[in-house]
Amino acid sequence: MKLILLGPPGAGKGTQCKRIVERYGMAHLSSGDILRAERAAGSELGKKAQGYMDRGDLVPDDLIIDMMIAAIKKAPKGYVLDGFPRTVAQAEGLDAALAKAGERIDAIINLQVPDEAILSRMTGRRSCPVCGAVYHVVNLRPRVDNRCDKDNAELVQRKDDTPAVVANRLKTYHEQTAAVIGYYKRANTIVAIDSNKDVDQVTADVFKRLDALDG
Ligand SMILES: [Zn+2]
């Protein structure tokens, strides 16, 4: 199976991805992980990407496409793409390469969580500046309010978890995803999954839909 997994930050994409890969035995191709590996290995692609990142620029679409196509060629049993394609240009590049090989994406899984739910999950996080332990004001409370269980340090909210930053990340995500989904809507199966549920229930829903595709 060849899948694309979409989902906003905080939707549990990492967990679902891991479970899909375990059940169906395909490769997990995360653009972030692959980019880090290429840079760490000092490959030609990695060096080029590093150059852009050192200048504070985004890594261009064609470089990301080349990197992901190379990874896809090493995954004959299928794959779940995670973090790619992020733009319509990347989706077009992927399709062109797949068409050459006589292949196509089987389905796009779209994990959906209302923004308000993501905001409360992420902005409720508190972390310990001393030991790095993570708590949540509703779901994972420390024994003493706003104090780390291990070292009693005062908990802080990371900059990444403030409402303004989370809202901005969600806005960017929706803009990019809407364009990518619009691109795939014409020719591909889009599997919408309500992901504002217990994590095991979400997995069960995903498996049910993928089993139907597989059979
Ligand atoms: Zn601590």
# chains A, B, ... in the order shown; residues from 1 in each chain; ligands from 1
$ residues_near_ligand --ligand "ligand 1" --cutoff "9 Å" --atoms "only C-alpha atoms and all ligand atoms" --output "list of chain:residue names"
A:Ser127, A:Cys128, A:Pro129, A:Val130, A:Cys131, A:Gly132, A:Ala133, A:Val134, A:Arg147, A:Cys148, A:Asp149, A:Lys150, A:Asp151, A:Asn152, A:Ala153, A:Glu154, A:Leu155
$ select_by_dssp --residues "chain A" --states "alpha helix (DSSP H)" --output "count of residues only"
108
$ residues_around --residues "Phe207 of chain A" --least-positions-apart "3" --cutoff "12 Å" --atoms "only C-alpha atoms" --output "ChimeraX atom specification"
/A:16-17,19-24,109,191,193,200-204,210-215
$ residues_around --residues "Glu175 of chain A" --least-positions-apart "5" --cutoff "12 Å" --atoms "only C-alpha atoms" --output "JSON list (two decimals) with C-alpha atoms, in the first residue's frame"
[["chain", "number", "residue", "atom", "x", "y", "z"],
["A", 8, "PRO", "CA", -2.34, 18.79, 12.22],
["A", 86, "ARG", "CA", 3.43, 19.56, 1.91],
["A", 87, "THR", "CA", 2.77, 21.73, -1.16],
["A", 88, "VAL", "CA", 1.02, 21.26, -4.50],
["A", 168, "ASN", "CA", -0.34, 30.18, 13.84],
["A", 169, "ARG", "CA", 0.97, 26.66, 13.19],
["A", 170, "LEU", "CA", -2.60, 25.44, 12.73],
["A", 180, "VAL", "CA", -2.78, 19.41, -1.15],
["A", 181, "ILE", "CA", -6.21, 17.81, -0.54],
["A", 182, "GLY", "CA", -7.69, 19.94, -3.33]]
$ residues_around --residues "Lys18 of chain A" --least-positions-apart "6" --cutoff "10 Å" --atoms "only C-alpha atoms" --output "ChimeraX atom specification"
/A:27-28,80
$ residues_around --residues "Ile4 of chain A" --least-positions-apart "4" --cutoff "12 Å" --atoms "only C-alpha atoms" --output "ChimeraX atom specification"
/A:13,17,20,27-31,78-86,91,94,104-111,177,180-181,184,188-192
$ closest_residue --among "A:Lys208, A:Arg126, A:Leu5, A:Gly102" --to "Arg158 of chain A" --atoms "only C-alpha atoms"
A:Arg126
$ select_by_dssp --residues "chain A" --states "strand (DSSP E or B)" --output "number ranges by chain"
A: 2-6, 27-30, 79-82, 107-112, 125-127, 134-136, 140, 147, 154, 156, 189-194
$ write_last_selection --atoms "C-alpha atoms" --output "short mmCIF file (atom, residue, chain, number, x, y, z; two decimals), in the first residue's frame"
data_model
loop_
_atom_site.label_atom_id
_atom_site.label_comp_id
_atom_site.auth_asym_id
_atom_site.auth_seq_id
_atom_site.Cartn_x
_atom_site.Cartn_y
_atom_site.Cartn_z
CA LYS A 2 1.14 3.51 -0.80
CA LEU A 3 -0.30 6.08 1.58
CA ILE A 4 -0.03 9.70 2.54
CA LEU A 5 -0.81 10.59 6.14
CA LEU A 6 -2.04 14.10 6.91
CA ALA A 27 8.08 1.75 5.27
CA HIS A 28 7.53 4.93 7.26
CA LEU A 29 8.97 7.76 5.16
CA SER A 30 9.04 10.90 7.27
CA TYR A 79 5.12 3.23 2.35
CA VAL A 80 3.37 5.85 4.44
CA LEU A 81 4.49 9.36 3.55
CA ASP A 82 4.61 11.64 6.58
CA ALA A 107 -5.08 6.67 -0.40
CA ILE A 108 -4.63 9.85 1.57
CA ILE A 109 -5.50 9.46 5.26
CA ASN A 110 -6.59 12.74 6.78
CA LEU A 111 -6.64 12.80 10.60
CA GLN A 112 -9.10 15.49 11.62
CA ARG A 125 1.30 21.48 28.36
CA ARG A 126 3.79 22.52 31.04
CA SER A 127 7.38 21.41 31.23
CA VAL A 134 6.19 17.20 30.61
CA TYR A 135 2.85 17.71 32.36
CA HIS A 136 -0.62 18.87 31.34
CA LEU A 140 -1.40 14.96 33.41
CA ARG A 147 5.68 22.14 40.49
CA GLU A 154 8.41 25.67 38.87
CA VAL A 156 6.96 26.65 32.50
CA THR A 189 -9.19 8.22 -2.36
CA ILE A 190 -9.24 10.53 0.62
CA VAL A 191 -9.97 8.76 3.91
CA ALA A 192 -11.22 11.25 6.51
CA ILE A 193 -10.75 10.02 10.09
CA ASP A 194 -12.25 11.71 13.15
#
$ atom_distance --atom1 "atom CA of Gly25 of chain A" --atom2 "atom CA of Asp95 of chain A"
22.7 Å
$ closest_residue --among "A:Met122, A:Ala99, A:Ala117, A:Val199" --to "Gly12 of chain A" --atoms "only C-alpha atoms"
A:Val199
$ atom_distance --atom1 "atom CA of Thr162 of chain A" --atom2 "atom CA of Asn146 of chain A"
16.1 Å
$ closest_residue --among "A:Ala75, A:Val138, A:Ala37, A:Ala89" --to "Asp62 of chain A" --atoms "only C-alpha atoms"
A:Ala89
$ atom_distance --atom1 "atom CA of Gln90 of chain A" --atom2 "atom CA of Gly14 of chain A"
21.1 Å
